[in-house]
$ cat query.csv   # CSV, N, CA and C atoms
chain,number,residue,atom,x,y,z
P,541,MET,N,6.9,-22.6,-12.9
P,541,MET,CA,5.8,-21.6,-12.8
P,541,MET,C,5.9,-20.6,-14.0
P,542,LYS,N,4.8,-20.3,-14.6
P,542,LYS,CA,4.8,-19.4,-15.7
P,542,LYS,C,3.9,-18.1,-15.5
P,543,PHE,N,4.3,-17.0,-16.1
P,543,PHE,CA,3.6,-15.8,-15.9
P,543,PHE,C,3.3,-15.2,-17.3
P,544,ALA,N,2.2,-14.5,-17.5
P,544,ALA,CA,1.8,-13.9,-18.7
P,544,ALA,C,2.6,-12.7,-19.1
P,545,SER,N,3.1,-12.0,-18.1
P,545,SER,CA,3.9,-10.8,-18.3
P,545,SER,C,4.8,-10.5,-17.1
P,546,LEU,N,5.7,-9.6,-17.3
P,546,LEU,CA,6.6,-9.2,-16.2
P,546,LEU,C,5.8,-8.5,-15.1
P,547,LYS,N,4.8,-7.7,-15.5
P,547,LYS,CA,4.0,-7.0,-14.6
P,547,LYS,C,3.3,-8.0,-13.6
P,548,GLU,N,2.8,-9.0,-14.2
P,548,GLU,CA,2.1,-10.1,-13.4
P,548,GLU,C,3.1,-10.7,-12.4
P,549,PHE,N,4.3,-11.0,-12.9
P,549,PHE,CA,5.3,-11.5,-12.0
P,549,PHE,C,5.7,-10.6,-10.8
P,550,LYS,N,5.9,-9.3,-11.2
P,550,LYS,CA,6.2,-8.3,-10.2
P,550,LYS,C,5.1,-8.2,-9.1
P,551,GLU,N,3.9,-8.1,-9.6
P,551,GLU,CA,2.8,-8.0,-8.6
P,551,GLU,C,2.7,-9.2,-7.7
P,552,SER,N,2.8,-10.4,-8.3
P,552,SER,CA,2.7,-11.6,-7.4
P,552,SER,C,3.9,-11.7,-6.5
P,553,ILE,N,5.1,-11.4,-6.9
P,553,ILE,CA,6.2,-11.6,-6.0
P,553,ILE,C,6.2,-10.5,-4.9
P,554,LEU,N,5.8,-9.3,-5.3
P,554,LEU,CA,5.6,-8.2,-4.3
P,554,LEU,C,4.6,-8.6,-3.3
P,555,GLU,N,3.4,-9.0,-3.7
P,555,GLU,CA,2.3,-9.4,-2.8
P,555,GLU,C,2.8,-10.5,-1.8
P,556,TYR,N,3.5,-11.5,-2.3
P,556,TYR,CA,3.9,-12.6,-1.5
P,556,TYR,C,4.9,-12.1,-0.4
P,557,ASN,N,5.9,-11.3,-0.8
P,557,ASN,CA,6.9,-10.8,0.1
P,557,ASN,C,6.3,-9.8,1.1
P,558,VAL,N,5.4,-9.0,0.7
P,558,VAL,CA,4.7,-8.1,1.6
P,558,VAL,C,4.0,-8.8,2.7
P,559,LEU,N,3.3,-9.9,2.3
P,559,LEU,CA,2.5,-10.7,3.2
P,559,LEU,C,3.4,-11.4,4.2
P,560,ILE,N,4.6,-11.9,3.8
P,560,ILE,CA,5.4,-12.6,4.7
P,560,ILE,C,6.4,-11.6,5.5
P,561,GLY,N,6.3,-10.3,5.1
P,561,GLY,CA,7.1,-9.3,5.8
P,561,GLY,C,8.5,-9.2,5.4
P,562,ARG,N,8.8,-9.3,4.2
P,562,ARG,CA,10.2,-9.2,3.7
P,562,ARG,C,10.3,-8.0,2.7
P,563,GLU,N,11.4,-7.3,2.7
P,563,GLU,CA,11.7,-6.3,1.8
P,563,GLU,C,12.5,-6.8,0.6
P,564,ILE,N,12.1,-6.5,-0.6
P,564,ILE,CA,12.8,-7.0,-1.8
P,564,ILE,C,13.2,-5.9,-2.7
P,565,LYS,N,14.1,-6.2,-3.6
P,565,LYS,CA,14.5,-5.3,-4.6
P,565,LYS,C,14.7,-6.0,-5.9
P,566,PHE,N,14.4,-5.3,-7.0
P,566,PHE,CA,14.6,-5.9,-8.3
P,566,PHE,C,16.0,-5.5,-8.8
P,567,ASP,N,16.9,-6.4,-9.0
P,567,ASP,CA,18.3,-6.2,-9.4
P,567,ASP,C,18.3,-5.7,-10.8
P,568,PHE,N,17.9,-6.5,-11.7
P,568,PHE,CA,17.7,-6.0,-13.1
P,568,PHE,C,16.4,-6.4,-13.6
P,569,ASN,N,15.9,-5.5,-14.5
P,569,ASN,CA,14.6,-5.6,-14.9
P,569,ASN,C,14.4,-5.0,-16.3
P,570,ASP,N,14.4,-5.8,-17.3
P,570,ASP,CA,14.3,-5.3,-18.7
P,570,ASP,C,13.1,-6.1,-19.4
P,571,LYS,N,13.0,-6.0,-20.7
P,571,LYS,CA,11.9,-6.6,-21.4
P,571,LYS,C,11.9,-8.2,-21.4
P,572,ARG,N,13.1,-8.7,-21.1
P,572,ARG,CA,13.3,-10.2,-21.3
P,572,ARG,C,13.4,-10.9,-19.9
P,573,ARG,N,13.8,-10.2,-18.8
P,573,ARG,CA,14.1,-10.9,-17.6
P,573,ARG,C,14.0,-10.0,-16.4
P,574,ALA,N,13.9,-10.6,-15.2
P,574,ALA,CA,13.9,-9.8,-14.0
P,574,ALA,C,14.4,-10.7,-12.9
P,575,ARG,N,15.2,-10.1,-12.0
P,575,ARG,CA,15.7,-10.8,-10.8
P,575,ARG,C,15.4,-10.0,-9.6
P,576,THR,N,14.9,-10.8,-8.6
P,576,THR,CA,14.5,-10.2,-7.3
P,576,THR,C,15.3,-10.8,-6.2
P,577,ARG,N,15.8,-9.9,-5.3
P,577,ARG,CA,16.6,-10.4,-4.1
P,577,ARG,C,16.0,-9.7,-2.9
P,578,CYS,N,16.3,-10.3,-1.7
P,578,CYS,CA,16.0,-9.7,-0.5
P,578,CYS,C,17.0,-8.6,-0.2
P,579,LYS,N,16.5,-7.5,0.4
P,579,LYS,CA,17.4,-6.4,0.8
P,579,LYS,C,18.3,-6.7,1.9
P,580,HIS,N,17.9,-7.7,2.8
P,580,HIS,CA,18.7,-7.9,4.0
P,580,HIS,C,19.5,-9.2,4.1
P,581,CYS,N,19.2,-10.2,3.2
P,581,CYS,CA,20.0,-11.4,3.3
P,581,CYS,C,20.3,-11.8,1.8
P,582,THR,N,21.2,-12.7,1.7
P,582,THR,CA,21.7,-13.1,0.3
P,582,THR,C,21.1,-14.4,-0.1
P,583,ASP,N,20.3,-15.1,0.8
P,583,ASP,CA,19.8,-16.4,0.5
P,583,ASP,C,18.6,-16.4,-0.4
P,584,TYR,N,17.8,-15.3,-0.5
P,584,TYR,CA,16.6,-15.3,-1.2
P,584,TYR,C,16.9,-14.7,-2.6
P,585,LEU,N,16.5,-15.5,-3.7
P,585,LEU,CA,16.7,-15.1,-5.0
P,585,LEU,C,15.6,-15.6,-5.9
P,586,VAL,N,15.0,-14.8,-6.8
P,586,VAL,CA,14.0,-15.3,-7.7
P,586,VAL,C,14.4,-14.7,-9.1
P,587,TYR,N,14.5,-15.5,-10.1
P,587,TYR,CA,14.9,-15.1,-11.4
P,587,TYR,C,13.8,-15.6,-12.4
P,588,VAL,N,13.3,-14.7,-13.3
P,588,VAL,CA,12.4,-15.1,-14.3
P,588,VAL,C,12.8,-14.5,-15.6
P,589,SER,N,12.6,-15.3,-16.7
P,589,SER,CA,13.0,-14.8,-18.0
P,589,SER,C,12.0,-15.2,-19.1
P,590,LYS,N,12.1,-14.6,-20.2
P,590,LYS,CA,11.1,-14.8,-21.3
P,590,LYS,C,11.4,-16.2,-22.0
P,591,VAL,N,10.4,-16.8,-22.4
P,591,VAL,CA,10.5,-18.1,-23.1
P,591,VAL,C,10.5,-17.9,-24.6
P,592,GLY,N,11.6,-18.0,-25.2
P,592,GLY,CA,11.7,-17.9,-26.7
P,592,GLY,C,11.1,-16.7,-27.2
P,593,GLN,N,10.3,-16.8,-28.3
P,593,GLN,CA,9.6,-15.7,-28.9
P,593,GLN,C,8.2,-15.5,-28.4
P,594,THR,N,7.8,-16.2,-27.4
P,594,THR,CA,6.4,-16.1,-26.8
P,594,THR,C,6.3,-15.0,-25.9
P,595,ASP,N,5.1,-14.7,-25.4
P,595,ASP,CA,4.9,-13.7,-24.4
P,595,ASP,C,4.8,-14.2,-23.0
P,596,THR,N,5.3,-15.4,-22.8
P,596,THR,CA,5.3,-16.1,-21.5
P,596,THR,C,6.7,-15.9,-20.8
P,597,TYR,N,6.6,-15.8,-19.5
P,597,TYR,CA,7.8,-15.7,-18.7
P,597,TYR,C,7.8,-16.9,-17.7
P,598,ARG,N,9.0,-17.5,-17.6
P,598,ARG,CA,9.1,-18.7,-16.8
P,598,ARG,C,10.1,-18.5,-15.6
P,599,LEU,N,9.7,-19.0,-14.5
P,599,LEU,CA,10.5,-18.9,-13.3
P,599,LEU,C,11.7,-19.9,-13.5
P,600,ASN,N,12.9,-19.3,-13.5
P,600,ASN,CA,14.1,-20.1,-13.8
P,600,ASN,C,14.8,-20.5,-12.5
P,601,THR,N,14.9,-19.6,-11.5
P,601,THR,CA,15.7,-19.8,-10.3
P,601,THR,C,14.8,-19.3,-9.1
P,602,LEU,N,14.7,-20.2,-8.1
P,602,LEU,CA,13.9,-19.9,-6.9
P,602,LEU,C,14.7,-20.4,-5.7
P,603,GLN,N,15.2,-19.5,-5.0
P,603,GLN,CA,15.8,-19.8,-3.7
P,603,GLN,C,15.0,-19.1,-2.6
P,604,PRO,N,14.0,-19.8,-2.1
P,604,PRO,CA,13.0,-19.1,-1.2
P,604,PRO,C,13.4,-19.0,0.2
P,605,LYS,N,14.6,-19.4,0.6
P,605,LYS,CA,14.9,-19.3,2.0
P,605,LYS,C,15.4,-17.9,2.4
P,606,HIS,N,14.7,-17.4,3.5
P,606,HIS,CA,15.1,-16.1,4.1
P,606,HIS,C,15.8,-16.4,5.4
P,607,THR,N,16.9,-15.7,5.6
P,607,THR,CA,17.6,-15.8,6.9
P,607,THR,C,17.4,-14.6,7.8
P,608,CYS,N,16.7,-13.6,7.2
P,608,CYS,CA,16.5,-12.4,7.9
P,608,CYS,C,15.1,-12.4,8.6
P,609,GLY,N,14.9,-11.5,9.5
P,609,GLY,CA,13.6,-11.4,10.2
P,609,GLY,C,12.6,-10.6,9.5
P,610,ARG,N,11.4,-10.6,10.0
P,610,ARG,CA,10.3,-9.8,9.5
P,610,ARG,C,10.5,-8.3,9.6
P,611,VAL,N,10.2,-7.6,8.6
P,611,VAL,CA,10.4,-6.1,8.5
P,611,VAL,C,9.0,-5.5,8.7
P,612,PHE,N,8.8,-4.7,9.8
P,612,PHE,CA,7.5,-4.1,10.0
P,612,PHE,C,7.3,-2.9,9.1
P,613,ASN,N,8.2,-1.9,9.0
P,613,ASN,CA,8.0,-0.8,8.1
P,613,ASN,C,8.6,-1.2,6.8
P,614,ASN,N,7.9,-1.9,6.0
P,614,ASN,CA,8.4,-2.5,4.7
P,614,ASN,C,8.3,-1.4,3.6
P,615,LYS,N,9.4,-1.1,3.1
P,615,LYS,CA,9.4,-0.1,2.0
P,615,LYS,C,9.0,-0.7,0.6
P,616,SER,N,8.9,-2.0,0.6
P,616,SER,CA,8.4,-2.6,-0.6
P,616,SER,C,6.9,-2.5,-0.8
P,617,VAL,N,6.2,-2.1,0.2
P,617,VAL,CA,4.7,-1.9,0.1
P,617,VAL,C,4.5,-0.6,-0.6
P,618,LYS,N,3.9,-0.7,-1.8
P,618,LYS,CA,3.7,0.4,-2.7
P,618,LYS,C,2.2,0.9,-2.5
P,619,SER,N,2.0,2.1,-2.9
P,619,SER,CA,0.6,2.7,-2.7
P,619,SER,C,-0.4,2.0,-3.6
P,620,THR,N,0.1,1.4,-4.7
P,620,THR,CA,-0.8,0.7,-5.6
P,620,THR,C,-1.3,-0.6,-4.9
P,621,TRP,N,-0.4,-1.2,-4.2
P,621,TRP,CA,-0.8,-2.5,-3.5
P,621,TRP,C,-1.8,-2.1,-2.4
P,622,VAL,N,-1.6,-1.1,-1.6
P,622,VAL,CA,-2.5,-0.6,-0.6
P,622,VAL,C,-3.8,-0.2,-1.2
P,623,ALA,N,-3.8,0.4,-2.3
P,623,ALA,CA,-5.0,0.8,-3.0
P,623,ALA,C,-5.9,-0.4,-3.4
P,624,LYS,N,-5.3,-1.5,-3.8
P,624,LYS,CA,-6.0,-2.7,-4.1
P,624,LYS,C,-6.7,-3.2,-2.9
P,625,VAL,N,-6.1,-3.2,-1.8
P,625,VAL,CA,-6.7,-3.6,-0.5
P,625,VAL,C,-7.8,-2.7,-0.1
P,626,LEU,N,-7.6,-1.4,-0.3
P,626,LEU,CA,-8.6,-0.4,0.0
P,626,LEU,C,-9.9,-0.5,-0.9
P,627,VAL,N,-9.7,-0.8,-2.1
P,627,VAL,CA,-10.8,-0.9,-3.1
P,627,VAL,C,-11.7,-2.0,-2.6
P,628,LYS,N,-11.2,-3.1,-2.2
P,628,LYS,CA,-12.0,-4.2,-1.8
P,628,LYS,C,-12.8,-3.8,-0.5
P,629,LYS,N,-12.1,-3.2,0.4
P,629,LYS,CA,-12.7,-2.8,1.7
P,629,LYS,C,-13.8,-1.7,1.5
P,630,MET,N,-13.5,-0.7,0.6
P,630,MET,CA,-14.4,0.4,0.4
P,630,MET,C,-15.7,0.0,-0.4
P,631,LYS,N,-15.5,-1.0,-1.3
P,631,LYS,CA,-16.7,-1.5,-2.0
P,631,LYS,C,-17.6,-2.3,-1.1
P,632,GLU,N,-17.0,-3.1,-0.1
P,632,GLU,CA,-17.8,-3.9,0.8
P,632,GLU,C,-18.5,-3.0,1.8
P,633,THR,N,-17.9,-2.0,2.3
P,633,THR,CA,-18.5,-1.2,3.4
P,633,THR,C,-19.1,0.1,3.0
P,634,TYR,N,-18.8,0.6,1.8
P,634,TYR,CA,-19.3,1.9,1.3
P,634,TYR,C,-18.9,3.0,2.3
P,635,VAL,N,-17.7,3.0,2.9
P,635,VAL,CA,-17.3,4.0,3.9
P,635,VAL,C,-16.1,4.7,3.4
P,636,ASP,N,-16.0,6.0,3.5
P,636,ASP,CA,-14.8,6.7,3.2
P,636,ASP,C,-13.9,6.7,4.4
P,637,MET,N,-12.8,6.0,4.3
P,637,MET,CA,-11.9,5.8,5.4
P,637,MET,C,-10.9,7.0,5.6
P,638,SER,N,-10.6,7.3,6.8
P,638,SER,CA,-9.6,8.4,7.1
P,638,SER,C,-8.2,7.8,6.9
P,639,ILE,N,-7.2,8.6,6.9
P,639,ILE,CA,-5.8,8.2,6.8
P,639,ILE,C,-5.4,7.3,7.9
P,640,LYS,N,-5.8,7.7,9.1
P,640,LYS,CA,-5.5,7.0,10.3
P,640,LYS,C,-6.1,5.6,10.3
P,641,ASP,N,-7.4,5.5,9.8
P,641,ASP,CA,-8.1,4.2,9.7
P,641,ASP,C,-7.4,3.3,8.7
P,642,ILE,N,-6.9,3.9,7.6
P,642,ILE,CA,-6.2,3.1,6.6
P,642,ILE,C,-4.9,2.6,7.2
P,643,ILE,N,-4.1,3.4,7.8
P,643,ILE,CA,-2.9,3.0,8.5
P,643,ILE,C,-3.1,1.9,9.5
P,644,GLY,N,-4.1,2.1,10.3
P,644,GLY,CA,-4.5,1.1,11.3
P,644,GLY,C,-5.0,-0.3,10.7
P,645,ASP,N,-5.7,-0.2,9.7
P,645,ASP,CA,-6.2,-1.4,9.0
P,645,ASP,C,-5.1,-2.2,8.4
P,646,ILE,N,-4.2,-1.5,7.7
P,646,ILE,CA,-3.1,-2.2,7.0
P,646,ILE,C,-2.2,-2.8,8.1
P,647,ARG,N,-2.0,-2.1,9.2
P,647,ARG,CA,-1.1,-2.6,10.3
P,647,ARG,C,-1.8,-3.8,11.0
P,648,ALA,N,-3.1,-3.8,11.2
P,648,ALA,CA,-3.8,-4.9,11.9
P,648,ALA,C,-3.9,-6.1,11.0
P,649,ASN,N,-4.3,-5.9,9.7
P,649,ASN,CA,-4.6,-7.0,8.9
P,649,ASN,C,-3.4,-7.6,8.1
P,650,ASN,N,-2.4,-6.8,7.8
P,650,ASN,CA,-1.3,-7.2,7.0
P,650,ASN,C,0.0,-7.2,7.8
P,651,SER,N,0.0,-6.7,9.0
P,651,SER,CA,1.2,-6.7,9.8
P,651,SER,C,2.4,-5.9,9.2
P,652,THR,N,2.0,-4.8,8.6
P,652,THR,CA,3.1,-3.9,8.0
P,652,THR,C,2.7,-2.5,8.3
P,653,GLY,N,3.7,-1.6,8.4
P,653,GLY,CA,3.4,-0.2,8.7
P,653,GLY,C,3.6,0.6,7.4
P,654,ILE,N,2.8,1.6,7.2
P,654,ILE,CA,2.9,2.5,6.0
P,654,ILE,C,2.9,3.9,6.5
P,655,THR,N,3.5,4.8,5.7
P,655,THR,CA,3.5,6.2,6.1
P,655,THR,C,2.2,6.9,5.8
P,656,CYS,N,2.0,8.1,6.3
P,656,CYS,CA,0.8,8.8,6.1
P,656,CYS,C,0.7,9.2,4.6
P,657,PHE,N,1.8,9.5,4.0
P,657,PHE,CA,1.7,9.9,2.6
P,657,PHE,C,1.3,8.7,1.7
P,658,ARG,N,1.9,7.5,2.0
P,658,ARG,CA,1.5,6.3,1.2
P,658,ARG,C,0.0,6.0,1.4
P,659,ALA,N,-0.5,6.2,2.6
P,659,ALA,CA,-1.9,5.9,2.9
P,659,ALA,C,-2.8,7.0,2.1
P,660,TRP,N,-2.3,8.2,2.1
P,660,TRP,CA,-3.1,9.3,1.4
P,660,TRP,C,-3.1,9.0,-0.1
P,661,ARG,N,-1.9,8.6,-0.6
P,661,ARG,CA,-1.8,8.3,-2.1
P,661,ARG,C,-2.7,7.1,-2.4
P,662,ALA,N,-2.7,6.0,-1.6
P,662,ALA,CA,-3.5,4.8,-1.8
P,662,ALA,C,-4.9,5.2,-1.8
P,663,LYS,N,-5.3,6.0,-0.9
P,663,LYS,CA,-6.8,6.4,-0.8
P,663,LYS,C,-7.2,7.1,-2.1
P,664,LYS,N,-6.3,8.0,-2.6
P,664,LYS,CA,-6.6,8.7,-3.8
P,664,LYS,C,-6.7,7.7,-5.0
P,665,LEU,N,-5.8,6.8,-5.1
P,665,LEU,CA,-5.8,5.8,-6.1
P,665,LEU,C,-7.1,4.9,-6.0
P,666,ALA,N,-7.5,4.5,-4.8
P,666,ALA,CA,-8.6,3.7,-4.6
P,666,ALA,C,-9.9,4.4,-5.0
P,667,LYS,N,-10.0,5.7,-4.7
P,667,LYS,CA,-11.2,6.5,-5.1
P,667,LYS,C,-11.3,6.6,-6.6
P,668,GLN,N,-10.1,6.8,-7.2
P,668,GLN,CA,-10.1,6.9,-8.7
P,668,GLN,C,-10.5,5.5,-9.3
P,669,SER,N,-10.1,4.4,-8.7
P,669,SER,CA,-10.4,3.1,-9.2
P,669,SER,C,-11.9,2.8,-9.1
P,670,ILE,N,-12.5,3.2,-8.0
P,670,ILE,CA,-13.9,3.0,-7.7
P,670,ILE,C,-14.7,3.9,-8.7
P,671,ASP,N,-14.3,5.1,-8.9
P,671,ASP,CA,-15.0,6.0,-9.8
P,671,ASP,C,-14.8,5.7,-11.3
P,672,GLY,N,-13.8,4.8,-11.6
P,672,GLY,CA,-13.6,4.3,-13.0
P,672,GLY,C,-12.5,5.1,-13.7
P,673,ASP,N,-11.8,6.0,-13.1
P,673,ASP,CA,-10.7,6.8,-13.7
P,673,ASP,C,-9.4,6.0,-13.8
P,674,PHE,N,-9.2,5.1,-12.9
P,674,PHE,CA,-7.9,4.4,-12.8
P,674,PHE,C,-8.2,2.9,-12.8
P,675,VAL,N,-7.3,2.3,-13.6
P,675,VAL,CA,-7.4,0.8,-13.7
P,675,VAL,C,-6.3,0.1,-13.0
$ encode --input "query.csv" --output "structure tokens"
Amino acid sequence: MKFASLKEFKESILEYNVLIGREIKFDFNDKRRARTRCKHCTDYLVYVSKVGQTDTYRLNTLQPKHTCGRVFNNKSVKSTWVAKVLVKKMKETYVDMSIKDIIGDIRANNSTGITCFRAWRAKKLAKQSIDGDFV
């Protein structure tokens, strides 16, 4: 598997692990490589590194087996990820959602809990994205 940038790798691995309910951490993370591990078990490992002098990053190691259970209050869920989900929902419905609605929607549709501050921050980022100030 190949990625155009480390940012693309991080976004995709974070999205995958949030949707399956796992907390991850990036062990090392520089311009040439990144390694991701599960916070709760030692069986999950993903390693990606740069291919030669190109701008492509290749998946070198993938140990996808988790022995831990699903984490409901996942700290890997970032406000930028929640904002992406909110932008889609706000553009479809044209409704300004409250913080409680955001928390309930994320809990119901993605089976993960978020804090009030994370919901507030995501709402702010989503509004900026819709207005064109934030990319």
$ select_by_dssp --input "query.csv" --residues "chain P" --states "strand (DSSP E)" --output "MDAnalysis selection string"
chainID P and resid 542:543 564:569 573:578 585:590 597:603
$ closest_residue --input "query.csv" --among "P:Lys631, P:Trp660, P:Arg610, P:Thr655" --to "Val558 (chain P)" --atoms "only C-alpha atoms"
P:Arg610
$ atom_distance --input "query.csv" --atom1 "CA of Val611 (chain P)" --atom2 "CA of Ile560 (chain P)"
9.0 Å
$ atom_distance --input "query.csv" --atom1 "CA of Phe612 (chain P)" --atom2 "CA of Ala574 (chain P)"
25.5 Å
$ atom_distance --input "query.csv" --atom1 "CA of Lys605 (chain P)" --atom2 "CA of Asp583 (chain P)"
5.9 Å
$ residues_around --input "query.csv" --residues "Lys624 (chain P)" --least-positions-apart "3" --cutoff "10 Å" --atoms "only C-alpha atoms" --output "list in words"
Ser619, Thr620, Trp621, Val627, Lys628, Lys629, Ala662, Lys663, Leu665, Ala666 and Ser669 of chain P
$ write_last_selection --input "query.csv" --atoms "N, CA and C atoms" --output "PDB file, in the frame of the given file"
ATOM      1  N   SER P 619       2.000   2.100  -2.900  1.00  0.00           N
ATOM      2  CA  SER P 619       0.600   2.700  -2.700  1.00  0.00           C
ATOM      3  C   SER P 619      -0.400   2.000  -3.600  1.00  0.00           C
ATOM      4  N   THR P 620       0.100   1.400  -4.700  1.00  0.00           N
ATOM      5  CA  THR P 620      -0.800   0.700  -5.600  1.00  0.00           C
ATOM      6  C   THR P 620      -1.300  -0.600  -4.900  1.00  0.00           C
ATOM      7  N   TRP P 621      -0.400  -1.200  -4.200  1.00  0.00           N
ATOM      8  CA  TRP P 621      -0.800  -2.500  -3.500  1.00  0.00           C
ATOM      9  C   TRP P 621      -1.800  -2.100  -2.400  1.00  0.00           C
ATOM     10  N   VAL P 627      -9.700  -0.800  -2.100  1.00  0.00           N
ATOM     11  CA  VAL P 627     -10.800  -0.900  -3.100  1.00  0.00           C
ATOM     12  C   VAL P 627     -11.700  -2.000  -2.600  1.00  0.00           C
ATOM     13  N   LYS P 628     -11.200  -3.100  -2.200  1.00  0.00           N
ATOM     14  CA  LYS P 628     -12.000  -4.200  -1.800  1.00  0.00           C
ATOM     15  C   LYS P 628     -12.800  -3.800  -0.500  1.00  0.00           C
ATOM     16  N   LYS P 629     -12.100  -3.200   0.400  1.00  0.00           N
ATOM     17  CA  LYS P 629     -12.700  -2.800   1.700  1.00  0.00           C
ATOM     18  C   LYS P 629     -13.800  -1.700   1.500  1.00  0.00           C
ATOM     19  N   ALA P 662      -2.700   6.000  -1.600  1.00  0.00           N
ATOM     20  CA  ALA P 662      -3.500   4.800  -1.800  1.00  0.00           C
ATOM     21  C   ALA P 662      -4.900   5.200  -1.800  1.00  0.00           C
ATOM     22  N   LYS P 663      -5.300   6.000  -0.900  1.00  0.00           N
ATOM     23  CA  LYS P 663      -6.800   6.400  -0.800  1.00  0.00           C
ATOM     24  C   LYS P 663      -7.200   7.100  -2.100  1.00  0.00           C
ATOM     25  N   LEU P 665      -5.800   6.800  -5.100  1.00  0.00           N
ATOM     26  CA  LEU P 665      -5.800   5.800  -6.100  1.00  0.00           C
ATOM     27  C   LEU P 665      -7.100   4.900  -6.000  1.00  0.00           C
ATOM     28  N   ALA P 666      -7.500   4.500  -4.800  1.00  0.00           N
ATOM     29  CA  ALA P 666      -8.600   3.700  -4.600  1.00  0.00           C
ATOM     30  C   ALA P 666      -9.900   4.400  -5.000  1.00  0.00           C
ATOM     31  N   SER P 669     -10.100   4.400  -8.700  1.00  0.00           N
ATOM     32  CA  SER P 669     -10.400   3.100  -9.200  1.00  0.00           C
ATOM     33  C   SER P 669     -11.900   2.800  -9.100  1.00  0.00           C
TER      34      SER P 669
END
$ residues_around --input "query.csv" --residues "Ala544 (chain P)" --least-positions-apart "2" --cutoff "6.5 Å" --atoms "all atoms listed in the file" --output "ChimeraX atom specification"
/P:542,546,548-549,595-597
$ select_by_dssp --input "query.csv" --residues "region 576-639 of chain P" --states "helix (DSSP H, G or I)" --output "list in words"
Ser619, Thr620, Trp621, Val622, Ala623, Lys624, Val625, Leu626, Val627, Lys628, Lys629, Met630, Lys631, Glu632, Thr633 and Ile639 of chain P
$ closest_residue --input "query.csv" --among "P:Met541, P:Leu554, P:Ile643, P:Cys581" --to "Asn600 (chain P)" --atoms "only N, CA and C atoms"
P:Met541
$ closest_residue --input "query.csv" --among "P:Leu599, P:Ile670, P:Val635, P:Ile642" --to "Ile654 (chain P)" --atoms "only C-alpha atoms"
P:Ile642
$ closest_residue --input "query.csv" --among "P:Lys590, P:Cys608, P:Thr601, P:Asn614" --to "Lys565 (chain P)" --atoms "only C-alpha atoms"
P:Asn614
